[in-house]
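Trainee: Sharing run.cif here; it has mmCIF, C-alpha atoms and all ligand atoms.
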data_data
#
loop_
_atom_site.label_atom_id
_atom_site.label_comp_id
_atom_site.auth_asym_id
_atom_site.auth_seq_id
_atom_site.Cartn_x
_atom_site.Cartn_y
_atom_site.Cartn_z
CA MET A 251 100.77 104.89 130.16
CA ARG A 252 99.49 103.61 126.83
CA VAL A 253 102.10 101.75 124.84
CA LYS A 254 102.28 102.90 121.25
CA VAL A 255 101.00 100.33 118.78
CA ILE A 256 102.98 100.09 115.53
CA SER A 257 101.91 98.33 112.34
CA VAL A 258 104.13 96.97 109.61
CA ALA A 259 102.28 96.02 106.41
CA ILE A 260 103.77 93.63 103.84
CA ASP A 261 102.07 92.75 100.55
CA GLY A 262 103.22 90.66 97.65
CA PRO A 263 102.47 87.68 95.42
CA SER A 264 102.58 84.07 96.57
CA GLY A 265 105.94 82.51 97.20
CA ALA A 266 107.84 85.79 97.60
CA GLY A 267 108.93 84.63 101.05
CA LYS A 268 106.49 86.99 102.75
CA SER A 269 105.45 84.72 105.58
CA THR A 270 108.93 83.48 106.50
CA ILE A 271 110.37 86.97 106.31
CA ALA A 272 107.43 88.65 108.08
CA ARG A 273 107.57 86.06 110.86
CA ALA A 274 111.31 86.64 111.35
CA ALA A 275 110.82 90.42 111.31
CA ALA A 276 108.06 90.17 113.92
CA ALA A 277 110.25 88.02 116.17
CA GLU A 278 113.13 90.49 115.83
CA LEU A 279 110.92 93.48 116.68
CA GLY A 280 108.89 91.74 119.39
CA PHE A 281 105.69 92.28 117.37
CA THR A 282 102.91 89.77 116.64
CA TYR A 283 103.00 88.17 113.21
CA VAL A 284 99.62 88.06 111.49
CA ASP A 285 99.36 85.84 108.40
CA THR A 286 96.15 86.97 106.70
CA GLY A 287 96.46 84.42 103.89
CA ALA A 288 95.88 81.72 106.51
CA MET A 289 92.41 83.18 107.12
CA TYR A 290 91.40 83.01 103.44
CA ARG A 291 92.93 79.54 103.31
CA THR A 292 90.84 78.40 106.28
CA LEU A 293 87.64 79.49 104.57
CA GLY A 294 88.91 77.87 101.34
CA LEU A 295 89.48 74.61 103.23
CA ALA A 296 85.99 74.69 104.75
CA ALA A 297 84.39 75.39 101.34
CA TYR A 298 86.47 72.64 99.72
CA GLU A 299 85.57 70.05 102.35
CA ARG A 300 81.87 70.94 102.46
CA GLY A 301 81.45 71.39 98.72
CA THR A 302 80.29 75.01 99.03
CA ASP A 303 80.01 76.81 95.69
CA MET A 304 83.12 79.01 95.57
CA ASP A 305 81.39 81.43 93.20
CA ASP A 306 78.65 82.15 95.73
CA GLY A 307 79.85 85.02 97.95
CA ASP A 308 76.77 84.94 100.20
CA ALA A 309 77.11 81.22 100.86
CA LEU A 310 80.81 81.69 101.66
CA SER A 311 80.03 84.55 104.00
CA ARG A 312 77.52 82.34 105.85
CA LEU A 313 80.09 79.55 105.95
CA LEU A 314 82.61 81.95 107.53
CA ASP A 315 80.09 82.73 110.28
CA GLU A 316 79.53 79.01 110.88
CA ILE A 317 83.05 77.61 111.05
CA GLY A 318 84.18 79.47 114.18
CA MET A 319 87.57 80.57 112.83
CA LYS A 320 89.99 81.42 115.61
CA ILE A 321 93.58 82.59 115.64
CA GLU A 322 95.79 81.50 118.51
CA TYR A 323 99.46 81.98 119.21
CA ILE A 324 101.24 78.87 120.47
CA ASP A 325 104.90 79.48 121.40
CA GLY A 326 104.69 82.64 119.32
CA VAL A 327 103.49 80.78 116.21
CA GLN A 328 100.12 81.63 114.62
CA HIS A 329 97.72 78.70 114.49
CA VAL A 330 94.30 78.79 112.85
CA PHE A 331 91.37 76.80 114.14
CA MET A 332 88.00 75.82 112.77
CA GLY A 333 86.18 75.29 116.04
CA ASN A 334 88.52 73.02 118.01
CA ARG A 335 90.32 71.65 114.96
CA ASP A 336 93.79 73.05 114.32
CA VAL A 337 93.89 73.39 110.53
CA SER A 338 97.30 75.11 110.31
CA ASP A 339 98.82 72.23 108.30
CA ASP A 340 95.77 71.31 106.20
CA ILE A 341 95.47 74.83 104.80
CA ARG A 342 98.91 74.55 103.16
CA ARG A 343 97.82 71.85 100.69
CA PRO A 344 98.14 73.01 97.04
CA GLU A 345 94.42 72.49 96.26
CA ILE A 346 93.60 74.73 99.22
CA SER A 347 95.83 77.50 97.81
CA MET A 348 93.57 77.65 94.78
CA ALA A 349 90.42 77.51 96.93
CA ALA A 350 91.77 80.40 99.06
CA SER A 351 92.35 82.49 95.96
CA LYS A 352 88.78 81.82 94.80
CA VAL A 353 87.04 82.62 98.09
CA SER A 354 89.17 85.74 98.54
CA ALA A 355 87.67 87.30 95.41
CA HIS A 356 84.32 87.96 97.14
CA ALA A 357 83.61 91.38 98.68
CA GLN A 358 81.48 89.92 101.52
CA VAL A 359 84.29 87.59 102.57
CA ARG A 360 86.93 90.33 102.43
CA LYS A 361 84.79 92.75 104.44
CA ALA A 362 84.50 90.33 107.36
CA LEU A 363 88.13 89.23 107.33
CA VAL A 364 89.50 92.76 106.93
CA ALA A 365 87.52 93.88 110.01
CA PHE A 366 88.95 90.95 111.96
CA GLN A 367 92.50 91.81 110.84
CA GLN A 368 92.09 95.49 111.73
CA GLU A 369 90.91 94.52 115.21
CA LEU A 370 94.04 92.41 115.72
CA ALA A 371 96.23 95.37 114.73
CA ARG A 372 94.38 97.76 117.08
CA ARG A 373 95.30 95.67 120.09
CA GLN A 374 99.00 95.06 119.49
CA SER A 375 101.98 95.92 117.31
CA VAL A 376 101.93 93.66 114.28
CA VAL A 377 103.80 92.63 111.19
CA MET A 378 100.92 91.67 108.91
CA ASP A 379 101.28 90.14 105.48
CA GLY A 380 98.83 89.60 102.64
CA ARG A 381 97.72 91.22 99.39
CA ASP A 382 95.70 94.28 100.41
CA ILE A 383 97.32 95.21 103.72
CA CYS A 384 99.02 98.47 102.65
CA MET A 385 96.00 99.94 100.90
CA HIS A 386 92.96 98.50 102.64
CA VAL A 387 93.64 96.78 105.94
CA LEU A 388 96.26 99.08 107.47
CA PRO A 389 96.37 102.23 105.31
CA ASP A 390 98.03 104.11 108.22
CA ALA A 391 100.76 101.52 108.82
CA ALA A 392 104.10 103.03 109.87
CA VAL A 393 105.95 100.83 107.40
CA LYS A 394 104.70 99.49 104.06
CA ILE A 395 106.58 96.99 101.94
CA TYR A 396 105.82 95.26 98.64
CA LEU A 397 107.86 92.07 98.59
CA THR A 398 108.28 90.20 95.35
CA ALA A 399 110.61 87.93 93.33
CA SER A 400 110.61 86.43 89.84
CA VAL A 401 108.08 83.66 89.13
CA ASP A 402 110.88 81.11 88.67
CA ASP A 403 112.47 81.96 92.01
CA ARG A 404 109.12 81.80 93.75
CA ALA A 405 108.26 78.45 92.16
CA ARG A 406 111.64 77.01 93.17
CA ARG A 407 111.11 78.09 96.77
CA ARG A 408 107.58 76.64 96.84
CA VAL A 409 108.80 73.28 95.48
CA GLU A 410 111.35 73.22 98.31
CA GLN A 411 108.72 74.12 100.92
CA LEU A 412 106.34 71.43 99.68
CA ARG A 413 109.20 68.91 99.69
CA GLU A 414 109.94 69.75 103.33
CA MET A 415 106.26 69.07 104.04
CA GLY A 416 106.60 65.66 102.39
CA SER A 417 105.06 66.29 98.95
CA GLU A 418 106.98 66.09 95.70
CA VAL A 419 105.30 68.42 93.19
CA PRO A 420 106.96 69.03 89.79
CA PHE A 421 108.43 72.52 89.23
CA ASP A 422 106.30 73.17 86.11
CA GLU A 423 103.12 72.37 87.98
CA VAL A 424 104.01 74.66 90.87
CA LYS A 425 105.03 77.44 88.48
CA ALA A 426 101.78 77.19 86.51
CA ASP A 427 99.84 77.27 89.76
CA ILE A 428 101.68 80.41 90.93
CA GLU A 429 101.15 82.13 87.58
CA LYS A 430 97.43 81.39 87.68
CA ARG A 431 97.11 82.66 91.25
CA ASP A 432 99.12 85.80 90.43
CA TYR A 433 96.82 86.50 87.54
CA ASP A 434 93.64 85.90 89.54
CA ASP A 435 94.85 87.88 92.58
CA MET A 436 95.94 90.82 90.39
CA HIS A 437 92.84 90.91 88.20
CA ARG A 438 89.98 90.40 90.64
CA GLU A 439 87.57 93.28 91.04
CA VAL A 440 87.84 93.66 94.79
CA SER A 441 91.17 94.80 96.27
CA PRO A 442 93.40 93.29 93.57
CA LEU A 443 97.03 92.69 94.45
CA CYS A 444 99.20 95.66 93.48
CA GLN A 445 102.03 97.68 94.92
CA ALA A 446 100.61 100.59 96.96
CA PRO A 447 102.03 103.93 95.80
CA ASP A 448 103.60 104.49 99.23
CA ALA A 449 104.95 100.94 99.65
CA HIS A 450 108.68 100.31 99.39
CA LEU A 451 109.58 97.66 96.78
CA ILE A 452 111.89 94.84 97.85
CA ASP A 453 112.68 92.35 95.08
CA THR A 454 114.31 89.22 96.48
CA THR A 455 115.11 87.57 93.12
CA GLY A 456 118.45 85.82 93.52
CA TYR A 457 118.55 86.47 97.26
CA THR A 458 119.02 83.81 99.88
CA LEU A 459 116.33 83.77 102.53
CA GLU A 460 118.74 85.43 104.92
CA GLN A 461 119.46 88.25 102.49
CA GLY A 462 115.72 88.79 102.04
CA MET A 463 115.21 88.92 105.79
CA ASN A 464 118.05 91.37 106.27
CA ALA A 465 116.71 93.66 103.54
CA VAL A 466 113.25 93.73 105.11
CA ILE A 467 114.33 94.04 108.73
CA SER A 468 116.80 96.83 108.06
CA TYR A 469 114.21 98.75 106.05
CA ILE A 470 111.66 98.42 108.86
CA LYS A 471 114.15 99.61 111.47
CA GLU A 472 115.23 102.55 109.35
CA LYS A 473 111.66 103.58 108.59
CA ALA A 474 109.96 103.05 111.92
CA HIS A 475 112.86 104.10 114.18
CA VAL A 476 111.37 101.56 116.49
CA LEU A 477 114.38 99.88 117.92
O1 LIG B 1 99.49 84.37 101.10
P1 LIG B 1 98.76 83.05 100.81
O2 LIG B 1 99.32 82.30 99.64
O3 LIG B 1 98.63 82.21 102.03
O4 LIG B 1 97.27 83.52 100.41
C1 LIG B 1 96.28 82.61 99.98
C2 LIG B 1 95.28 83.33 99.08
O5 LIG B 1 94.52 84.26 99.84
C3 LIG B 1 95.90 84.12 97.92
O6 LIG B 1 95.66 83.50 96.68
C4 LIG B 1 95.19 85.44 97.91
C5 LIG B 1 94.37 85.49 99.15
N1 LIG B 1 94.71 86.59 100.04
C6 LIG B 1 94.06 87.78 99.85
O7 LIG B 1 93.29 87.92 98.92
N2 LIG B 1 94.26 88.81 100.71
C7 LIG B 1 95.12 88.69 101.73
N3 LIG B 1 95.30 89.72 102.57
C8 LIG B 1 95.82 87.48 101.93
C9 LIG B 1 95.60 86.45 101.05
#
Take the structure in the file and give it back as structure tokens.
Ligand code: DC
Mentor:
Amino acid sequence: MRVKVISVAIDGPSGAGKSTIARAAAAELGFTYVDTGAMYRTLGLAAYERGTDMDDGDALSRLLDEIGMKIEYIDGVQHVFMGNRDVSDDIRRPEISMAASKVSAHAQVRKALVAFQQELARRQSVVMDGRDICMHVLPDAAVKIYLTASVDDRARRRVEQLREMGSEVPFDEVKADIEKRDYDDMHREVSPLCQAPDAHLIDTTGYTLEQGMNAVISYIKEKAHVL
């Protein structure tokens, strides 16, 4: 008997708590968590380290073919590799966030990564988060969510996250960075970030992480009747 594969799609701007919440939701449902931002970040890291022109979509697409990006799950946690190098921590550096946003603006790059993401969702039930999941990657997803929060809340959470990773970055710097990325992600020509008409809005402004998780998980359960 074929087991039914279910997809949950979550989009939203940076720092809305998408990855933490999507990971928790996947664990609760027994689905695989797919962090698509990590894929754009990996290409951003490669371009940053090799000095590839981030305005040159063809060069970036060739670079993507060369770096041997792989996704592996270690104790249920998604790791990204460039060849044999586990880059899961390196891709979280603030300068790589900006590089990821730049490389993600190119149609050639998106085409290749979207195909890769769709293949992952064909094989297993997933909770997948990103910017274009509801409209482009998984338009037939059983559940679609647009997760957001105010810029100030998102910046505060990012400062905290960076602190836990050992870097002290001033609030104003983090906020300016988030505002710039929001603008770029929402105004690029290819698959700009926006709320899909059929996506359910969850605004976590003022929520604790736990409240955000509960809101998302209960909506998924109600909508998908999965569990
Ligand atoms: O979610 P994140 O911050 O890890 O994403 C890094 C960058 O990648 C973000 O600026 C936009 C881009 N991105 C995208 O364009 N499409 C996705 N599905 C995921 C991320």
Trainee: To check your reading of the model: which residues sit at most 7 Å from ligand LIG 1 (chain B) when counting all atoms listed in the file? Write the answer as a ChimeraX atom specification.
Mentor: /A:264,286-288,290-291,347-348,350-351,354-355,379-383,431,435
Trainee: Any chance you can output those residues with C-alpha atoms as an mmCIF file, in the coordinates of the input?
Mentor:
data_model
loop_
_atom_site.group_PDB
_atom_site.id
_atom_site.type_symbol
_atom_site.label_atom_id
_atom_site.label_comp_id
_atom_site.auth_asym_id
_atom_site.auth_seq_id
_atom_site.Cartn_x
_atom_site.Cartn_y
_atom_site.Cartn_z
ATOM 1 C CA SER A 264 102.580 84.070 96.570
ATOM 2 C CA THR A 286 96.150 86.970 106.700
ATOM 3 C CA GLY A 287 96.460 84.420 103.890
ATOM 4 C CA ALA A 288 95.880 81.720 106.510
ATOM 5 C CA TYR A 290 91.400 83.010 103.440
ATOM 6 C CA ARG A 291 92.930 79.540 103.310
ATOM 7 C CA SER A 347 95.830 77.500 97.810
ATOM 8 C CA MET A 348 93.570 77.650 94.780
ATOM 9 C CA ALA A 350 91.770 80.400 99.060
ATOM 10 C CA SER A 351 92.350 82.490 95.960
ATOM 11 C CA SER A 354 89.170 85.740 98.540
ATOM 12 C CA ALA A 355 87.670 87.300 95.410
ATOM 13 C CA ASP A 379 101.280 90.140 105.480
ATOM 14 C CA GLY A 380 98.830 89.600 102.640
ATOM 15 C CA ARG A 381 97.720 91.220 99.390
ATOM 16 C CA ASP A 382 95.700 94.280 100.410
ATOM 17 C CA ILE A 383 97.320 95.210 103.720
ATOM 18 C CA ARG A 431 97.110 82.660 91.250
ATOM 19 C CA ASP A 435 94.850 87.880 92.580
#
Trainee: I need the residue nearest Pro389 in chain A from this list: A:Asp453, A:Glu322, A:Asp448, A:Asp434. Use all atoms listed in the file for the distance.
Mentor: A:Asp448
Trainee: I want to know what sits within 10 Å of Met436 in chain A, based on all atoms listed in the file, with residues of the same chain fewer than 6 positions away left out; could you give that as a PyMOL selection string?
Mentor: chain A and resi 263+381+430+442-444
Trainee: Enter the distance from CA of Ile317 in chain A to CA of Thr270 in chain A, in Å, rounded to one decimal.
Mentor: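 Atom-to-atom, CA of Ile317 in chain A and CA of Thr270 in chain A are spaced 26.9 Å apart.
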Trainee: Could you check the closest approach to Pro447 in chain A for each of A:Cys384, A:Ile321, A:Val424, A:Val401 and tell me which residue wins, using only C-alpha atoms?
Mentor: A:Cys384
Trainee: Hey, which of A:Gln445, A:Ser338, A:Thr454, A:Ser468 ends up closest to Thr292 in chain A? Count only C-alpha atoms.
Mentor: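 Of all the options, A:Ser338 lies closest to Thr292 in chain A.
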Trainee: Around the point (110.7, 73.7, 93.0) in the file's coordinates, collect all residues with an atom within 9 Å, using all atoms listed in the file, and return them as a ChimeraX atom specification.
Mentor: /A:402-413,418-422,424-425
